[in-house]
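**Q** Here you go, this is target-v1.tsv (TSV, C-alpha atoms and all ligand atoms).
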chain	number	residue	atom	x	y	z
A	21	MET	CA	54.07	62.50	57.72
A	22	SER	CA	53.51	65.11	60.41
A	23	ALA	CA	51.58	68.27	59.61
A	24	ARG	CA	54.58	70.20	60.86
A	25	SER	CA	57.27	68.68	58.67
A	26	GLN	CA	58.92	71.46	56.72
A	27	VAL	CA	57.56	72.41	53.33
A	28	ILE	CA	60.12	72.80	50.55
A	29	VAL	CA	59.35	75.42	47.94
A	30	ARG	CA	61.39	74.93	44.79
A	31	GLU	CA	61.69	78.19	42.87
A	32	VAL	CA	61.29	77.46	39.16
A	33	GLY	CA	60.92	81.02	37.80
A	34	LEU	CA	64.32	81.00	36.14
A	35	ARG	CA	63.26	77.99	34.06
A	36	ASP	CA	59.50	77.53	33.86
A	37	GLY	CA	58.93	81.28	34.06
A	38	LEU	CA	61.58	82.55	31.69
A	39	GLN	CA	61.08	79.85	29.05
A	40	SER	CA	57.59	81.19	28.40
A	41	ILE	CA	58.76	84.77	28.00
A	42	ASP	CA	60.27	85.83	24.68
A	43	ARG	CA	62.85	88.26	25.98
A	44	THR	CA	66.23	87.06	27.16
A	45	VAL	CA	67.18	88.14	30.66
A	46	ASP	CA	70.94	88.67	30.87
A	47	THR	CA	73.06	86.34	32.98
A	48	ARG	CA	74.02	89.01	35.53
A	49	THR	CA	70.37	89.71	36.27
A	50	LYS	CA	69.63	85.99	36.58
A	51	LEU	CA	72.46	85.61	39.08
A	52	GLU	CA	70.97	88.48	41.08
A	53	TRP	CA	67.58	86.76	40.95
A	54	LEU	CA	69.13	83.50	42.10
A	55	ARG	CA	70.93	85.25	44.95
A	56	GLY	CA	67.71	87.06	45.96
A	57	ALA	CA	65.79	83.79	46.13
A	58	TYR	CA	68.56	82.19	48.17
A	59	GLU	CA	68.63	85.13	50.59
A	60	ALA	CA	64.85	84.85	50.99
A	61	GLY	CA	65.41	81.30	52.28
A	62	ILE	CA	64.77	79.27	49.12
A	63	ARG	CA	66.95	76.16	49.27
A	64	GLU	CA	66.04	74.52	45.99
A	65	ILE	CA	66.10	76.33	42.66
A	66	GLU	CA	65.55	75.15	39.10
A	67	VAL	CA	68.06	77.40	37.38
A	68	GLY	CA	67.50	76.54	33.73
A	69	SER	CA	67.25	73.86	31.10
A	70	PHE	CA	69.75	72.02	28.94
A	71	VAL	CA	67.88	72.44	25.67
A	72	PRO	CA	69.55	73.51	22.41
A	73	ALA	CA	70.21	77.28	22.54
A	74	ARG	CA	68.62	77.72	19.10
A	75	LEU	CA	65.30	76.47	20.53
A	76	MET	CA	65.47	78.44	23.76
A	77	PRO	CA	68.08	81.21	23.71
A	78	GLN	CA	66.61	82.53	27.01
A	79	LEU	CA	68.16	79.55	28.82
A	80	ALA	CA	71.51	79.27	27.02
A	81	ASP	CA	73.48	80.26	30.14
A	82	THR	CA	72.23	77.35	32.28
A	83	ALA	CA	75.71	75.86	32.93
A	84	GLU	CA	76.90	79.22	34.25
A	85	LEU	CA	73.89	79.47	36.57
A	86	VAL	CA	74.47	75.94	37.88
A	87	ALA	CA	78.11	76.83	38.66
A	88	TYR	CA	77.02	79.89	40.64
A	89	ALA	CA	74.14	78.09	42.41
A	90	LYS	CA	76.55	75.38	43.53
A	91	SER	CA	78.66	77.99	45.29
A	92	LEU	CA	75.73	78.84	47.62
A	93	PRO	CA	75.89	76.59	50.73
A	94	GLY	CA	72.94	74.26	51.25
A	95	LEU	CA	71.28	75.08	47.94
A	96	THR	CA	69.97	72.20	45.83
A	97	THR	CA	70.44	72.98	42.15
A	98	SER	CA	67.95	71.54	39.72
A	99	VAL	CA	67.89	71.70	35.91
A	100	LEU	CA	65.39	70.57	33.31
A	101	VAL	CA	66.64	67.99	30.83
A	102	PRO	CA	64.61	66.95	27.75
A	103	ASN	CA	66.86	64.19	26.36
A	104	LEU	CA	70.09	62.21	26.64
A	105	LYS	CA	72.22	65.03	25.25
A	106	GLY	CA	70.82	67.42	27.83
A	107	ALA	CA	71.46	64.81	30.52
A	108	GLN	CA	75.15	64.69	29.57
A	109	ALA	CA	75.33	68.49	29.85
A	110	ALA	CA	73.57	68.33	33.24
A	111	LEU	CA	76.04	65.70	34.50
A	112	ASP	CA	78.95	67.80	33.23
A	113	SER	CA	77.56	70.84	35.07
A	114	GLY	CA	77.32	68.98	38.38
A	115	ALA	CA	73.65	69.89	39.02
A	116	HIS	CA	72.12	68.03	41.98
A	117	VAL	CA	68.75	67.19	40.41
A	118	MET	CA	67.69	66.54	36.82
A	119	LEU	CA	64.04	67.19	36.13
A	120	LEU	CA	62.90	65.02	33.23
A	121	PRO	CA	59.53	66.08	31.78
A	122	LEU	CA	57.05	63.49	30.59
A	123	SER	CA	53.57	64.33	29.31
A	124	ALA	CA	50.93	61.87	30.41
A	125	SER	CA	48.94	63.08	27.41
A	126	HIS	CA	49.97	61.34	24.19
A	127	ALA	CA	48.94	64.36	22.07
A	128	HIS	CA	50.79	66.85	24.29
A	129	SER	CA	53.90	64.68	24.33
A	130	LEU	CA	53.99	64.63	20.52
A	131	ALA	CA	53.42	68.38	20.30
A	132	ASN	CA	55.91	69.29	23.01
A	133	LEU	CA	58.72	66.73	22.74
A	134	ARG	CA	57.88	65.15	19.36
A	135	LYS	CA	57.95	61.74	21.08
A	136	THR	CA	55.30	59.40	22.47
A	137	PRO	CA	55.23	59.04	26.27
A	138	ASP	CA	56.66	55.53	25.96
A	139	ALA	CA	59.56	56.77	23.81
A	140	VAL	CA	60.29	59.28	26.61
A	141	VAL	CA	60.23	56.43	29.16
A	142	GLU	CA	62.86	54.63	27.06
A	143	GLU	CA	65.00	57.78	26.98
A	144	ILE	CA	64.73	57.96	30.78
A	145	GLY	CA	66.16	54.44	30.93
A	146	ARG	CA	69.12	55.58	28.80
A	147	ILE	CA	69.60	58.64	31.02
A	148	ARG	CA	69.67	56.39	34.10
A	149	ALA	CA	72.35	54.21	32.48
A	150	LEU	CA	74.37	57.32	31.61
A	151	ARG	CA	74.06	58.68	35.15
A	152	ASP	CA	75.14	55.37	36.69
A	153	SER	CA	78.10	54.91	34.36
A	154	SER	CA	79.30	58.44	35.12
A	155	GLY	CA	79.38	57.74	38.85
A	156	SER	CA	77.31	60.88	39.47
A	157	LYS	CA	74.86	61.13	42.38
A	158	CYS	CA	72.56	63.47	40.42
A	159	ILE	CA	68.94	62.65	41.29
A	160	LEU	CA	66.64	61.79	38.38
A	161	GLU	CA	63.21	63.24	38.98
A	162	VAL	CA	60.41	62.88	36.46
A	163	GLY	CA	57.82	65.64	36.24
A	164	LEU	CA	54.67	63.97	34.95
A	165	SER	CA	52.85	66.85	33.26
A	166	THR	CA	49.28	67.07	31.95
A	167	ALA	CA	48.50	64.53	34.69
A	168	PHE	CA	45.11	66.15	35.27
A	169	GLY	CA	44.08	66.98	31.73
A	170	CYS	CA	45.47	68.39	28.52
A	171	THR	CA	44.76	71.40	26.27
A	172	ILE	CA	45.04	69.22	23.16
A	173	GLN	CA	43.39	65.91	23.97
A	174	GLY	CA	41.24	67.02	26.91
A	175	GLN	CA	40.92	64.17	29.38
A	176	VAL	CA	43.93	62.15	30.46
A	177	PRO	CA	42.82	58.83	31.97
A	178	GLU	CA	43.97	58.26	35.56
A	179	SER	CA	44.94	54.72	34.59
A	180	GLU	CA	47.40	56.12	32.02
A	181	VAL	CA	48.94	58.45	34.61
A	182	MET	CA	49.41	55.54	37.02
A	183	ARG	CA	50.85	53.32	34.27
A	184	LEU	CA	53.43	55.96	33.32
A	185	LEU	CA	54.26	56.64	36.96
A	186	MET	CA	55.25	53.00	37.41
A	187	ALA	CA	56.95	52.87	34.00
A	188	VAL	CA	59.34	55.75	34.73
A	189	LEU	CA	60.29	54.32	38.11
A	190	ASP	CA	60.87	50.92	36.51
A	191	ALA	CA	62.99	52.64	33.86
A	192	GLY	CA	65.24	54.04	36.57
A	193	ALA	CA	63.87	57.41	37.71
A	194	ASP	CA	64.62	58.01	41.40
A	195	ARG	CA	61.41	59.86	42.07
A	196	VAL	CA	58.46	61.50	40.42
A	197	GLY	CA	56.20	64.54	40.75
A	198	LEU	CA	52.75	65.22	39.38
A	199	ALA	CA	52.14	68.42	37.44
A	200	ASP	CA	49.16	70.37	36.22
A	201	THR	CA	50.87	72.67	33.74
A	202	VAL	CA	47.63	73.84	32.11
A	203	GLY	CA	45.37	74.58	35.08
A	204	TYR	CA	42.90	71.73	34.51
A	205	ALA	CA	43.07	70.17	37.98
A	206	ASP	CA	40.60	70.70	40.80
A	207	PRO	CA	41.36	70.04	44.47
A	208	TYR	CA	39.21	66.93	44.67
A	209	GLN	CA	40.92	65.41	41.65
A	210	VAL	CA	44.32	66.34	43.10
A	211	LYS	CA	43.50	64.64	46.38
A	212	GLN	CA	42.37	61.47	44.63
A	213	LEU	CA	45.32	61.18	42.26
A	214	PHE	CA	47.97	61.98	44.87
A	215	GLU	CA	46.44	59.49	47.31
A	216	LYS	CA	46.37	56.82	44.65
A	217	ALA	CA	49.95	57.59	43.58
A	218	PHE	CA	51.20	57.58	47.19
A	219	ALA	CA	49.62	54.17	47.73
A	220	GLN	CA	51.46	52.92	44.68
A	221	VAL	CA	54.93	54.49	44.98
A	222	ASP	CA	55.13	55.82	48.55
A	223	ASP	CA	57.78	58.49	49.16
A	224	ARG	CA	59.10	58.26	45.63
A	225	LEU	CA	56.21	60.68	44.91
A	226	CYS	CA	57.92	63.91	45.83
A	227	CYS	CA	56.54	67.04	44.19
A	228	GLY	CA	53.42	68.97	43.27
A	229	HIS	CA	53.58	71.44	40.37
A	230	PHE	CA	50.49	73.56	39.83
A	231	HIS	CA	49.64	76.39	37.50
A	232	ASP	CA	47.09	78.97	38.48
A	233	THR	CA	45.52	79.20	35.02
A	234	ARG	CA	41.95	79.14	36.32
A	235	GLY	CA	42.52	80.36	39.85
A	236	LEU	CA	42.72	76.95	41.55
A	237	GLY	CA	46.49	76.83	41.95
A	238	LEU	CA	46.70	77.32	45.71
A	239	ALA	CA	43.60	75.20	46.36
A	240	ASN	CA	45.33	72.39	44.49
A	241	VAL	CA	48.54	72.92	46.47
A	242	PHE	CA	46.54	72.60	49.66
A	243	ALA	CA	44.82	69.43	48.46
A	244	ALA	CA	48.19	67.84	47.63
A	245	TRP	CA	49.66	68.98	50.95
A	246	GLU	CA	46.82	67.26	52.76
A	247	THR	CA	47.76	63.96	51.14
A	248	GLY	CA	51.32	64.34	52.49
A	249	ILE	CA	53.26	66.15	49.76
A	250	ARG	CA	55.80	68.53	51.29
A	251	ARG	CA	57.60	69.82	48.20
A	252	PHE	CA	56.13	72.20	45.63
A	253	ASP	CA	57.24	74.18	42.62
A	254	ALA	CA	56.48	77.89	42.41
A	255	CYS	CA	57.51	80.96	40.40
A	256	THR	CA	58.20	84.39	41.83
A	257	ALA	CA	55.42	86.74	40.60
A	258	GLY	CA	53.54	83.73	39.20
A	259	ILE	CA	55.25	83.91	35.81
A	260	GLY	CA	55.25	81.03	33.37
A	261	GLY	CA	52.56	79.65	31.16
A	262	CYS	CA	52.07	77.07	28.51
A	263	PRO	CA	52.92	77.40	24.81
A	264	HIS	CA	49.75	75.43	24.03
A	265	ALA	CA	47.49	77.67	26.13
A	266	PRO	CA	48.03	81.23	24.87
A	267	GLY	CA	47.30	83.93	27.44
A	268	ALA	CA	47.30	81.43	30.28
A	269	SER	CA	48.63	82.64	33.60
A	270	GLY	CA	51.59	80.86	35.09
A	271	ASN	CA	52.69	78.88	38.10
A	272	VAL	CA	51.48	79.44	41.61
A	273	ALA	CA	53.36	82.52	42.84
A	274	THR	CA	56.18	81.75	45.27
A	275	GLU	CA	55.17	84.56	47.62
A	276	ASP	CA	51.53	83.39	47.66
A	277	MET	CA	52.61	79.84	48.41
A	278	ALA	CA	54.84	81.11	51.24
A	279	TYR	CA	51.83	82.99	52.59
A	280	LEU	CA	49.55	79.95	52.38
A	281	PHE	CA	51.89	77.81	54.45
A	282	ALA	CA	52.83	80.58	56.89
A	283	SER	CA	49.15	81.32	57.52
A	284	MET	CA	48.63	77.64	58.40
A	285	GLY	CA	51.58	77.74	60.80
A	286	GLN	CA	53.77	75.53	58.57
A	287	THR	CA	57.52	76.06	58.30
A	288	THR	CA	58.99	76.89	54.91
A	289	GLY	CA	62.15	78.73	56.01
A	290	LEU	CA	61.11	81.61	53.73
A	291	ALA	CA	61.43	85.30	54.65
A	292	PHE	CA	58.31	86.96	53.37
A	293	GLU	CA	59.61	90.54	53.10
A	294	LYS	CA	62.61	89.33	51.10
A	295	LEU	CA	60.34	87.38	48.76
A	296	LEU	CA	58.35	90.56	48.16
A	297	ALA	CA	61.55	92.52	47.55
A	298	LEU	CA	62.56	89.87	44.99
A	299	ARG	CA	59.15	90.12	43.38
A	300	ALA	CA	59.60	93.89	43.04
A	301	ASN	CA	62.97	93.31	41.37
A	302	VAL	CA	61.49	90.73	39.01
A	303	ALA	CA	58.72	93.21	38.11
A	304	HIS	CA	61.45	95.70	37.23
A	305	TRP	CA	63.56	93.21	35.25
A	306	LEU	CA	60.52	91.97	33.34
A	307	GLU	CA	58.85	95.33	32.88
A	308	GLY	CA	55.99	95.05	30.40
A	309	GLU	CA	55.37	91.33	31.06
A	310	ARG	CA	52.19	90.23	32.82
A	311	LEU	CA	52.82	89.19	36.39
A	312	TYR	CA	50.46	87.39	38.74
A	313	GLY	CA	49.96	86.65	42.41
A	314	SER	CA	47.82	88.21	45.13
A	315	VAL	CA	49.62	88.73	48.42
A	316	TRP	CA	52.01	91.43	47.17
A	317	ARG	CA	49.10	93.84	46.70
A	318	ALA	CA	48.15	94.03	50.37
A	319	GLY	CA	51.15	92.58	52.21
A	320	LEU	CA	50.87	90.46	55.34
A	321	PRO	CA	47.93	90.86	57.70
A	322	LYS	CA	48.73	92.46	61.06
A	323	SER	CA	47.80	89.26	62.81
A	324	MET	CA	50.74	87.43	61.30
A	325	ALA	CA	54.21	87.46	62.80
A	326	ARG	CA	56.92	88.44	60.36
A	401	ZN	ZN	55.07	74.73	35.04
Starting from the file, lay out its structure as structure tokens.
Ligand SMILES: [Zn+2]
**A**
Amino acid sequence: MSARSQVIVREVGLRDGLQSIDRTVDTRTKLEWLRGAYEAGIREIEVGSFVPARLMPQLADTAELVAYAKSLPGLTTSVLVPNLKGAQAALDSGAHVMLLPLSASHAHSLANLRKTPDAVVEEIGRIRALRDSSGSKCILEVGLSTAFGCTIQGQVPESEVMRLLMAVLDAGADRVGLADTVGYADPYQVKQLFEKAFAQVDDRLCCGHFHDTRGLGLANVFAAWETGIRRFDACTAGIGGCPHAPGASGNVATEDMAYLFASMGQTTGLAFEKLLALRANVAHWLEGERLYGSVWRAGLPKSMAR
């Protein structure tokens, strides 16, 4: 893969970000957020999650967001799906990508999804069968979380991550990403695991998802980029977190990620000033919530073309 091939930044603030915040942002505001991200050049957005509304009322309007996102030309619409029922809702909505979470950590999987990792793999097989029988072209992408360590069980053996990676592809997932949702990864570990995974599954490895919990988010993004990954998740204003790591900061901030790649001369298609304008809006909509990120404080250096 050439150093210059375009980097895709998938905005996941409307899902990963909002699910960790107690307040419910109204649908009109979310549509404005979605539109703002699109106008800033984002071409892939995770708009919500098909989970029961009683568990996550913040995301109850996901179908409406998918419908709007699909009206924006060239935008790939992604939704998170925890089970077969959610997959049916995602297929009904016409979303382009289903993100299926799987914890590599046994303990985290039980706490988060109340299923063992292998039970989730079986569910992925059923979701694949459902997708195929529906005739839909929706892409099934597994997000393998706690791939670098876990707040409950601590270490997650690399051999277990590789086993699950193969298992989900065998079960019918189209592609897979590796995620550090708790900020345990370091750049060296990221490099090693992504290289190993690439060797095993080639371009079916398609995404890096890093939280900035301990300040290594962007360093980890860079390490994964060096191995050839060209698609990353990020949240405007770095929102998000982990229910099992109270007080933890969220995802790598979209605007910081845009800055990282722009400063290295890599194309993302993102308009920096518009990302900062969106960040300012998000700060207003989420007034009182803790936001993160660095670049917004000082803006772009004079040496960088806008
Ligand atoms: Zn996340």
**Q** Give the answer as one residue: which of A:Ala244, A:Val101, A:Met324, A:Leu122 has the shortest atom-to-atom distance to Tyr208 of chain A, using only C-alpha atoms?
**A**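 Between A:Ala244, A:Val101, A:Met324, A:Leu122, the residue approaching Tyr208 of chain A most closely is A:Ala244.
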**Q** Could you check the closest approach to ligand ZN 401 (chain A) for each of A:Val241, A:Val27, A:Leu160, A:Val272 and tell me which residue wins, using only C-alpha atoms and all ligand atoms?
**A** A:Val272
**Q** What separation in Å, quoted to one decimal, exists between atom CA of Gly174 of chain A and atom CA of Val140 of chain A?
**A** 20.6 Å
**Q** When you count all atoms listed in the file, which of these residues is closest to ligand ZN 401 (chain A): A:Gly237, A:Gly37, A:Pro207, A:Gly197?
**A**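 Of the candidates, the smallest distance to ligand ZN 401 (chain A) is held by A:Gly37.
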**Q** Show me the residues around (71.2, 71.0, 27.3) - criterion: an atom at most 9 Å away, only C-alpha atoms counted - as a ChimeraX atom specification.
**A** /A:69-73,80,82-83,100-110
**Q** Using only C-alpha atoms and all ligand atoms, which protein or nucleic acid residues are at most 8 Å from ligand ZN 401 (chain A), as a list of chain:residue names?
**A**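 Checked against 8 Å with only C-alpha atoms and all ligand atoms; the hits are A:Val32, A:Asp36, A:Gly37, A:Ala199, A:Asp200, A:Thr201, A:His229, A:Phe230, A:His231, A:Asp253, A:Gly260, A:Gly261, A:Cys262, A:Gly270, A:Asn271.
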**Q** One decimal, Å: what's the distance from atom CA of Phe281 of chain A over to atom CA of Arg250 of chain A, could you say?
**A**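 Going from atom CA of Phe281 of chain A over to atom CA of Arg250 of chain A, I get 10.6 Å.
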**Q** For atom CA of Glu307 of chain A and atom CA of Glu59 of chain A, determine how far apart the two atoms are, in Å to one decimal place.
**A**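 We find that atom CA of Glu307 of chain A and atom CA of Glu59 of chain A lie 22.7 Å from each other.
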**Q** Please supply segment 277-293 of chain A, rebuilt with N, CA and C atoms, as a PDB file, keeping the file's coordinate frame.
**A**
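Once everything was written out, this is selection_33.pdb:
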ATOM      1  N   MET A 277      52.453  81.156  47.803  1.00  0.00           N
ATOM      2  CA  MET A 277      52.610  79.840  48.410  1.00  0.00           C
ATOM      3  C   MET A 277      53.232  79.978  49.807  1.00  0.00           C
ATOM      4  N   ALA A 278      54.219  80.862  49.929  1.00  0.00           N
ATOM      5  CA  ALA A 278      54.840  81.110  51.240  1.00  0.00           C
ATOM      6  C   ALA A 278      53.775  81.599  52.220  1.00  0.00           C
ATOM      7  N   TYR A 279      52.889  82.458  51.736  1.00  0.00           N
ATOM      8  CA  TYR A 279      51.830  82.990  52.590  1.00  0.00           C
ATOM      9  C   TYR A 279      50.850  81.890  53.019  1.00  0.00           C
ATOM     10  N   LEU A 280      50.473  81.047  52.061  1.00  0.00           N
ATOM     11  CA  LEU A 280      49.550  79.950  52.380  1.00  0.00           C
ATOM     12  C   LEU A 280      50.090  79.121  53.538  1.00  0.00           C
ATOM     13  N   PHE A 281      51.353  78.699  53.418  1.00  0.00           N
ATOM     14  CA  PHE A 281      51.890  77.810  54.450  1.00  0.00           C
ATOM     15  C   PHE A 281      52.146  78.556  55.762  1.00  0.00           C
ATOM     16  N   ALA A 282      52.602  79.803  55.668  1.00  0.00           N
ATOM     17  CA  ALA A 282      52.830  80.580  56.890  1.00  0.00           C
ATOM     18  C   ALA A 282      51.494  80.794  57.620  1.00  0.00           C
ATOM     19  N   SER A 283      50.440  81.057  56.876  1.00  0.00           N
ATOM     20  CA  SER A 283      49.150  81.320  57.520  1.00  0.00           C
ATOM     21  C   SER A 283      48.609  80.069  58.207  1.00  0.00           C
ATOM     22  N   MET A 284      49.055  78.895  57.749  1.00  0.00           N
ATOM     23  CA  MET A 284      48.630  77.640  58.400  1.00  0.00           C
ATOM     24  C   MET A 284      49.630  77.203  59.465  1.00  0.00           C
ATOM     25  N   GLY A 285      50.611  78.058  59.743  1.00  0.00           N
ATOM     26  CA  GLY A 285      51.580  77.740  60.800  1.00  0.00           C
ATOM     27  C   GLY A 285      52.614  76.711  60.380  1.00  0.00           C
ATOM     28  N   GLN A 286      52.807  76.525  59.068  1.00  0.00           N
ATOM     29  CA  GLN A 286      53.770  75.530  58.570  1.00  0.00           C
ATOM     30  C   GLN A 286      55.106  76.201  58.267  1.00  0.00           C
ATOM     31  N   THR A 287      56.183  75.499  58.530  1.00  0.00           N
ATOM     32  CA  THR A 287      57.520  76.060  58.300  1.00  0.00           C
ATOM     33  C   THR A 287      57.947  75.881  56.855  1.00  0.00           C
ATOM     34  N   THR A 288      58.408  76.977  56.260  1.00  0.00           N
ATOM     35  CA  THR A 288      58.990  76.890  54.910  1.00  0.00           C
ATOM     36  C   THR A 288      60.421  77.417  54.910  1.00  0.00           C
ATOM     37  N   GLY A 289      60.817  78.116  55.974  1.00  0.00           N
ATOM     38  CA  GLY A 289      62.150  78.730  56.010  1.00  0.00           C
ATOM     39  C   GLY A 289      62.230  79.983  55.153  1.00  0.00           C
ATOM     40  N   LEU A 290      61.087  80.467  54.644  1.00  0.00           N
ATOM     41  CA  LEU A 290      61.110  81.610  53.730  1.00  0.00           C
ATOM     42  C   LEU A 290      60.864  82.928  54.463  1.00  0.00           C
ATOM     43  N   ALA A 291      61.596  83.958  54.070  1.00  0.00           N
ATOM     44  CA  ALA A 291      61.430  85.300  54.650  1.00  0.00           C
ATOM     45  C   ALA A 291      60.527  86.103  53.729  1.00  0.00           C
ATOM     46  N   PHE A 292      59.341  86.380  54.222  1.00  0.00           N
ATOM     47  CA  PHE A 292      58.310  86.960  53.370  1.00  0.00           C
ATOM     48  C   PHE A 292      58.702  88.315  52.769  1.00  0.00           C
ATOM     49  N   GLU A 293      59.261  89.204  53.604  1.00  0.00           N
ATOM     50  CA  GLU A 293      59.610  90.540  53.100  1.00  0.00           C
ATOM     51  C   GLU A 293      60.662  90.438  51.987  1.00  0.00           C
TER      52      GLU A 293
END
